[in-house]
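Trainee: What follows is protein.txt, compact mmCIF, C-alpha atoms.
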```txt
# COMPACT_ATOMS: atom_id res chain seq x y z
CA LEU A 1 14.02 -6.51 4.77
CA ARG A 2 16.34 -8.89 2.97
CA LEU A 3 18.94 -6.13 2.50
CA GLY A 4 18.98 -5.52 6.26
CA GLU A 5 19.34 -9.23 6.95
CA ALA A 6 22.16 -9.50 4.38
CA ALA A 7 23.97 -6.50 5.89
CA ALA A 8 23.84 -8.14 9.33
CA GLU A 9 25.07 -11.47 7.92
CA ALA A 10 27.98 -9.70 6.16
CA GLY A 11 28.88 -7.65 9.25
CA ILE A 12 28.12 -4.35 7.47
CA ASP A 13 27.27 -1.41 9.74
CA PRO A 14 24.20 0.37 8.28
CA SER A 15 24.22 3.15 10.91
CA SER A 16 24.89 5.84 8.27
CA LEU A 17 21.50 5.15 6.66
CA LYS A 18 18.66 7.46 7.70
CA VAL A 19 15.71 6.94 5.32
CA GLY A 20 14.57 4.25 2.90
CA VAL A 21 11.90 4.88 0.27
CA PHE A 22 10.05 1.72 -0.73
CA GLY A 23 7.29 1.18 -3.24
CA ALA A 24 6.07 -0.94 -6.15
CA GLU A 25 3.96 -3.29 -4.00
CA PRO A 26 1.63 -2.80 -1.04
CA TRP A 27 3.28 -3.43 2.32
CA SER A 28 1.87 -3.32 5.81
CA GLU A 29 2.72 -1.33 8.93
CA GLU A 30 3.95 -4.60 10.44
CA LEU A 31 6.41 -5.05 7.57
CA ARG A 32 7.54 -1.44 8.09
CA ALA A 33 8.24 -2.30 11.75
CA GLU A 34 10.28 -5.35 10.68
CA ILE A 35 12.32 -3.25 8.21
CA GLU A 36 12.94 -0.54 10.81
CA LYS A 37 13.98 -3.23 13.29
CA VAL A 38 16.76 -4.60 11.03
CA LEU A 39 17.84 -1.22 9.60
CA PRO A 40 18.28 2.08 11.49
CA ILE A 41 15.99 3.98 9.08
CA LYS A 42 12.58 5.55 8.67
CA ALA A 43 10.90 3.34 6.06
CA LEU A 44 8.80 5.59 3.80
CA ASP A 45 6.29 4.59 1.14
CA ILE A 46 6.07 5.99 -2.39
CA TYR A 47 3.16 5.46 -4.77
CA GLY A 48 2.92 5.64 -8.51
CA LEU A 49 1.46 4.00 -11.58
CA SER A 50 3.10 3.69 -14.98
CA GLU A 51 -0.20 4.76 -16.59
CA VAL A 52 -0.17 8.02 -14.65
CA ILE A 53 3.53 8.99 -14.30
CA GLY A 54 5.36 6.16 -12.56
CA PRO A 55 6.70 6.78 -9.06
CA GLY A 56 6.03 10.18 -7.58
CA VAL A 57 2.24 10.38 -7.54
CA ALA A 58 2.36 10.38 -3.73
CA THR A 59 5.14 10.08 -1.15
CA GLU A 60 5.19 9.68 2.59
CA CYS A 61 6.89 12.31 4.74
CA LEU A 62 8.90 11.65 7.91
CA GLU A 63 5.68 11.82 9.98
CA GLN A 64 4.61 8.51 8.35
CA ASP A 65 0.95 9.54 8.49
CA GLY A 66 -0.13 8.88 4.92
CA LEU A 67 1.31 9.63 1.51
CA HIS A 68 1.03 13.22 0.25
CA VAL A 69 -0.58 13.25 -3.20
CA ASN A 70 1.12 15.77 -5.49
CA GLU A 71 -2.07 17.74 -6.13
CA ASP A 72 -0.37 20.18 -8.46
CA HIS A 73 -0.45 17.38 -11.06
CA PHE A 74 -3.05 14.87 -9.84
CA ILE A 75 -6.66 15.02 -8.75
CA VAL A 76 -7.45 11.99 -6.58
CA GLU A 77 -10.73 10.45 -5.49
CA ALA A 78 -11.64 7.32 -3.57
CA ILE A 79 -14.76 5.56 -4.84
CA ASP A 80 -16.85 2.52 -4.06
CA PRO A 81 -15.51 -0.03 -6.59
CA GLU A 82 -18.97 -1.39 -7.35
CA SER A 83 -21.15 1.72 -7.51
CA GLY A 84 -18.51 4.27 -8.54
CA ASP A 85 -19.81 6.67 -5.87
CA PRO A 86 -17.30 8.67 -3.81
CA VAL A 87 -16.55 7.38 -0.31
CA GLU A 88 -16.03 9.58 2.75
CA ASP A 89 -12.58 10.51 4.03
CA GLY A 90 -11.17 7.69 6.13
CA ARG A 91 -13.20 4.98 4.36
CA PRO A 92 -11.39 2.62 1.97
CA GLY A 93 -12.20 2.89 -1.70
CA GLU A 94 -10.67 2.45 -5.13
CA LEU A 95 -8.26 5.25 -6.01
CA VAL A 96 -9.19 7.25 -9.12
CA PHE A 97 -6.82 9.81 -10.67
CA SER A 98 -7.17 12.62 -13.20
CA THR A 99 -4.03 14.22 -14.65
CA PRO A 100 -4.80 17.84 -15.63
CA THR A 101 -1.18 18.76 -16.45
CA LYS A 102 -0.23 15.63 -18.41
CA GLN A 103 0.04 16.40 -22.13
CA ALA A 104 0.89 13.22 -24.05
CA LEU A 105 -1.73 10.99 -22.44
CA PRO A 106 -4.04 12.92 -20.11
CA LEU A 107 -6.29 10.75 -17.99
CA LEU A 108 -9.75 11.57 -16.71
CA ARG A 109 -10.96 9.58 -13.69
CA TYR A 110 -8.57 6.69 -14.27
CA ARG A 111 -9.56 3.77 -12.06
CA THR A 112 -6.40 2.27 -10.56
CA GLY A 113 -7.81 -0.85 -8.92
CA ASP A 114 -5.84 0.10 -5.77
CA ILE A 115 -7.70 0.22 -2.44
CA ALA A 116 -6.80 3.00 0.02
CA PHE A 117 -8.49 5.84 1.88
CA LEU A 118 -8.00 9.60 1.65
CA ALA A 119 -7.55 12.18 4.41
CA HIS A 120 -7.85 15.93 3.94
CA GLY A 121 -6.38 18.34 6.46
CA ASP A 122 -2.97 19.46 7.61
CA CYS A 123 -0.18 17.00 8.32
CA ASN A 124 2.14 17.51 11.29
CA CYS A 125 4.95 18.09 8.76
CA GLY A 126 3.15 21.30 7.66
CA ARG A 127 1.94 20.13 4.25
CA THR A 128 -1.72 20.66 3.35
CA LEU A 129 -1.92 18.18 0.44
CA VAL A 130 -4.50 15.42 0.55
CA ARG A 131 -3.00 12.25 1.99
CA MET A 132 -3.73 8.70 0.95
CA SER A 133 -3.25 5.68 3.15
CA LYS A 134 -0.89 2.91 2.20
CA VAL A 135 -2.48 0.70 -0.44
CA THR A 136 -4.26 -2.08 1.44
CA GLY A 137 -5.11 -4.23 -1.56
CA ARG A 138 -6.41 -4.29 -5.09
CA VAL A 139 -9.91 -4.70 -6.41
CA ASP A 140 -8.63 -7.60 -8.56
CA ASP A 141 -6.29 -9.01 -5.87
CA MET A 142 -9.05 -9.94 -3.51
CA LEU A 143 -9.39 -13.61 -2.63
CA VAL A 144 -12.76 -15.08 -1.80
CA VAL A 145 -12.41 -17.87 0.77
CA ARG A 146 -15.69 -19.46 1.91
CA GLY A 147 -17.58 -16.33 0.90
CA VAL A 148 -15.26 -13.97 2.79
CA ASN A 149 -13.36 -11.24 0.91
CA VAL A 150 -9.69 -11.44 1.86
CA TYR A 151 -6.89 -9.09 0.76
CA PRO A 152 -3.36 -10.59 0.99
CA SER A 153 -2.05 -7.36 2.54
CA GLU A 154 -4.54 -7.70 5.42
CA VAL A 155 -3.38 -11.29 5.98
CA GLU A 156 0.21 -9.96 6.11
CA ARG A 157 -0.78 -7.36 8.70
CA VAL A 158 -2.26 -10.03 10.96
CA LEU A 159 0.55 -12.56 10.43
CA LEU A 160 3.40 -10.16 11.12
CA GLY A 161 1.50 -8.53 13.97
CA SER A 162 1.10 -11.90 15.69
CA GLY A 163 4.84 -12.60 15.83
CA LEU A 164 4.09 -16.26 15.15
CA VAL A 165 5.54 -16.37 11.61
CA ALA A 166 8.72 -15.13 9.98
CA PRO A 167 8.38 -12.20 7.58
CA HIS A 168 8.82 -14.63 4.67
CA TYR A 169 5.71 -16.69 3.97
CA GLN A 170 3.43 -17.88 1.17
CA LEU A 171 -0.36 -17.88 0.96
CA VAL A 172 -1.98 -20.86 -0.75
CA VAL A 173 -5.69 -21.14 -1.52
CA ASP A 174 -6.46 -24.88 -1.40
CA ARG A 175 -9.52 -25.53 -3.57
CA ARG A 176 -9.11 -29.32 -3.78
CA ARG A 177 -12.01 -29.88 -1.39
CA PRO A 178 -15.42 -28.24 -1.09
CA ASP A 179 -14.33 -26.49 2.11
CA VAL A 180 -11.78 -24.13 0.56
CA ARG A 181 -8.88 -23.33 2.89
CA LEU A 182 -6.35 -20.50 3.05
CA LEU A 183 -2.99 -21.93 4.07
CA VAL A 184 0.12 -20.09 5.24
CA ALA A 185 3.42 -21.77 4.40
```
Please express what this file holds, its structure, as structure tokens.
Mentor:
Amino acid sequence: LRLGEAAAEAGIDPSSLKVGVFGAEPWSEELRAEIEKVLPIKALDIYGLSEVIGPGVATECLEQDGLHVNEDHFIVEAIDPESGDPVEDGRPGELVFSTPTKQALPLLRYRTGDIAFLAHGDCNCGRTLVRMSKVTGRVDDMLVVRGVNVYPSEVERVLLGSGLVAPHYQLVVDRRRPDVRLLVA
């Protein structure tokens, strides 16, 4: 987003750009819309973990309907973070990966801490690989505010979807009083 803003400020024409591949942190559909508004691109997500392989575990196609998991190297599951039981397709759960082709450090049911859901079935692009949703949060990233579980990425989705705040903001959990507050600055 900042690159698009800087290009506009510098008078640079980004019309030759077609696709941007972004990863490393969860980002919402609303942030995608903001990026695509300032740059003439399809903003695609890529997912990876340094423990598994780095980037390239899953990548979004131009249909932008989930990230295709490279099942020739990774077996993916989504589980209930507390019980460890598998969750149904379309229900959020913690992503778990096994790496059957990795030789130096093979992993068996590695719990990532990342929350997403899986979808089996064909994509409109023609691929048949299992798709994962964008990461919506982390098991350890969850905030508890007055007994309510809150993921920062869900707050971002609501904030950017409202149009009431700029895409640059900060979340502050104010615990100075008994009635804990979540502030947006």
Trainee: Extract, using only C-alpha atoms, all DNA, RNA and protein residues at most 9 Å from segment 87-92 of chain A, discarding same-chain residues fewer than 4 positions from it, and format them as a list in words.
Mentor: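 What passes the distance filter is Glu77, Ala78, Ile79, Asp80, Ile115, Ala116, Phe117, Leu118, Ala119, His120, Ser133 and Thr136 of chain A.
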Trainee: Determine the nearest neighbour of Val184 of chain A from the options A:Thr59, A:Thr99, A:Gln170, A:Ser83, counting all atoms listed in the file.
Mentor: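 Comparing A:Thr59, A:Thr99, A:Gln170, A:Ser83 against Val184 of chain A, the winner is A:Gln170.
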Trainee: Report, in Å to a single decimal, how far apart atom CA of Arg157 of chain A and atom CA of Gly84 of chain A are.
Mentor: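 So the two atoms, atom CA of Gly84 of chain A and atom CA of Arg157 of chain A, lie 27.3 Å apart.
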Trainee: For each of A:Gly56, A:Ala104, A:Arg138, A:Arg109, take the minimum atom-to-atom distance to Pro86 of chain A, counting only C-alpha atoms, then give the residue where this is smallest.
Mentor: A:Arg109
Trainee: At what distance in Å, to one decimal, does atom CA of Val57 of chain A lie from atom CA of Asp85 of chain A?
Mentor: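 Separation of atom CA of Asp85 of chain A and atom CA of Val57 of chain A: 22.4 Å.
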